[in-house]
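Trainee: Questions regarding the structure given below will be posed in turn.
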2 protein chains.
Amino acid sequence: MIPVFTHYLIDRFDFTTEEVNPVIDYFKEERLNKGDYLLREGEVCKSIAFLIEGAFIYFENVEGEEKVLDFAFEHDWASQINSMINVVPSALNIRALEDCQILRISVTDLEIVKAKIPKVSILQARILEAHYVKANTRLFNMAHLSAKERYKKEVIETPELLQRVPQYYLASYLGIKPQSLSRIRAEND
Amino acid sequence: MIPVFTHYLIDRFDFTTEEVNPVIDYFKEERLNKGDYLLREGEVCKSIAFLIEGAFIYFENVEGEEKVLDFAFEHDWASQINSMINVVPSALNIRALEDCQILRISVTDLEIVKAKIPKVSILQARILEAHYVKANTRLFNMAHLSAKERYKKEVIETPELLQRVPQYYLASYLGIKPQSLSRIRAEND
């Protein structure tokens with residue numbers, strides 16, 4: 001797993017080899033089976049995971065139904081920001097949608113490594129900015145595009161959604177009924 | 001305007017008096033009339049504004065219609081992150097919804113002041129986190145709540161929406177038709 005992460009830090013965030021090694025030392029390799037939880041609702045989020053392989057689903061349980069907020073795929077970071085920052089129980093669950101290989105760092109160690117290697121703070125800011133921009137784009141599309149238009153945009157931008165996400169969860173993510181998604185797919189795929 | 005901002009930095013972000021003054025020196029006081037633009041679509045966002053008094057509306061022009069993404073009120077920060085970070089033309093407009101008093105800092109000066117006063121970087125990270133959490137909450141509500149439920153939640157959390165935002169723009173922000181909003185308000189207010 002380490003070579004993938006090294007590559008990511010050097011290529012995407014201009015880390016030098018000297019900066020990479022002390023950062024990597026704070027991350028632990030873990031494997032999760034499909035269905036395992038990275039975070040359960042009610043828990044406080046105390047770590048951040050870098051996804052080497054696999055996929056996560058973010059969802060809330062509402063009256064027995066799993067309502068989807070988001071997905072994460074390879075080279076995404078997974079955590080629950082609100083819970084982590086404000087040290088409050090998470091309303092969201094983060095669960096492995098496939099078998100996953102991750103690198104995980106505790107919030108405590110993240111602070112240590114940020115103090116040692118300032119570039120980690122920049123990386124963290126860039127990741128948050130990218131997530132914020134994506135959330136705002138989805139929000140705008142959700143308010144102003146039809147279900148069909150949203151489906152097309154999301155699937156073009158993130159083809160993994162079609163290839164790796166069960167239809168039921170994809171419909172929930174798009175904020176539409178599974179039968180509406182079936183109809184849209186029949187017309188467009 | 002300065003005392004309000006000083007108060008904000010000290011109370012909300014634990015700035016000391018010594019830290020506040022060099023920060024304030026980089027901000028310029030400005031007044032915008034209702035209808036003035038803080039940022040127009042197609043421009044690159046090169047500054048961030050702290051809103052002392054007034055309100056902004058964030059919207060895109062889509063085929064002659066103003067489609068609303070967000071609003072900002074007193075003590076919010078206004079900028080267009082995607083345009084600022086990636087130095088690309090903004091798709092969004094930011095316009096004064098009321099007469100506004102702002103404190104504005106250029107992106108260049110922001111970098112200088114962050115190097116001088118590290119607490120400014122922390123402030124910036126906290127603001128972005130809060131905006132991200134809010135965007136995700138709205139996104140979840142948009143996908144999984146009815147228009148009526150969304151209206152109730154948004155109006156309870158941000159009463160300014162009812163008091164200061166024209167009904168047409170509020171409907172657009174909620175992703176519903178103006179006549180649906182009228183019906184919901186008739187039933188709930």
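Residue numbering restarts at 1 in every chain; chains get A, B, ... in the order shown in the structure tokens, and ligands count up from 1 in that same order.
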For chain B, list the residues within 6 Å of chain A, counting only C-alpha atoms, and write the list as JSON, numbers by chain.

Mentor: {"B": [69, 132, 139, 140, 143, 175]}

Trainee: Assign secondary structure with DSSP using the backbone only, and return the residues of stretch 136-174 of chain A in helix (DSSP H, G or I) as a ChimeraX atom specification.

Mentor: /A:136-144,147-157,160-164,167-174

Trainee: Please extract the residues of stretch 42-147 of chain B with a backbone DSSP assignment of strand (DSSP E or B) and present them as a ChimeraX atom specification.

Mentor: /B:47-53,56-62,65-72,77-78,93-96,100-106

Trainee: Would you please work out which residue, of B:Tyr8, B:Phe73, B:Phe13, B:Tyr169, is nearest to B:Glu53 when using only C-alpha atoms?

Mentor: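 Closest to B:Glu53, using only C-alpha atoms: B:Phe73.
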
Trainee: Show me, as a list of chain:residue names, the residues that have an atom within 12 Å of B:Pro159 when counting only C-alpha atoms, minus same-chain residues fewer than 6 positions from it.

Mentor: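 Counting only the stated atoms, we get B:Phe73, B:Tyr151, B:Lys152, B:Lys153, B:Val165, B:Leu170.
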
Trainee: Identify which of the residues A:Ile52, A:Ile57, A:Leu103, A:Leu9 lies closest to A:Tyr26, counting only C-alpha atoms when measuring atom-to-atom distances.

Mentor: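 Closest candidate: A:Leu103.
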
Trainee: Write out as an MDAnalysis selection string which residues come within 12 Å of A:Asp109 when counting only C-alpha atoms, dropping same-chain ones fewer than 6 positions away.

Mentor: chainID A and resid 22:28 46:48 115:117 120

Trainee: Can I get the selected residues back with C-alpha atoms, as a PDB file, in the first residue's frame?

Mentor:
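Ended up saving to result.pdb:
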ATOM      1  CA  PRO A  22       8.139  10.681   8.535  1.00  0.00           C
ATOM      2  CA  VAL A  23       4.544  11.176   7.347  1.00  0.00           C
ATOM      3  CA  ILE A  24       4.075   7.528   6.381  1.00  0.00           C
ATOM      4  CA  ASP A  25       5.374   6.378   9.771  1.00  0.00           C
ATOM      5  CA  TYR A  26       2.211   7.731  11.397  1.00  0.00           C
ATOM      6  CA  PHE A  27      -0.170   5.806   9.143  1.00  0.00           C
ATOM      7  CA  LYS A  28      -1.263   2.237   9.905  1.00  0.00           C
ATOM      8  CA  LYS A  46     -10.989  10.020  15.815  1.00  0.00           C
ATOM      9  CA  SER A  47      -9.123   9.097  12.653  1.00  0.00           C
ATOM     10  CA  ILE A  48      -8.816   9.765   8.937  1.00  0.00           C
ATOM     11  CA  ALA A 115       3.662  20.230  13.429  1.00  0.00           C
ATOM     12  CA  LYS A 116       6.642  18.266  12.023  1.00  0.00           C
ATOM     13  CA  ILE A 117       5.866  18.544   8.300  1.00  0.00           C
ATOM     14  CA  VAL A 120       0.595  18.113   5.651  1.00  0.00           C
TER      15      VAL A 120
END

Trainee: With distances taken over only C-alpha atoms, which of A:Asp14, A:Glu160, A:Glu19, A:Asp189 is nearest to A:Ala55?

Mentor: A:Glu160

Trainee: For B:Val20, which of B:Ser182, B:Ile102, B:Ala91, B:Val113 is the closest residue, counting only C-alpha atoms?

Mentor: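 Counting only C-alpha atoms, the residue closest to B:Val20 is B:Val113.
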
Trainee: Can you pull out the residues contacting B:Ser180? Cut-off 10 Å, using only C-alpha atoms, and skip same-chain residues under 6 positions away; I want them as a list in words.

Mentor: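 Near neighbours after the sequence-gap exclusion: Ala147, Lys148, Ala171 and Ala186 of chain B.
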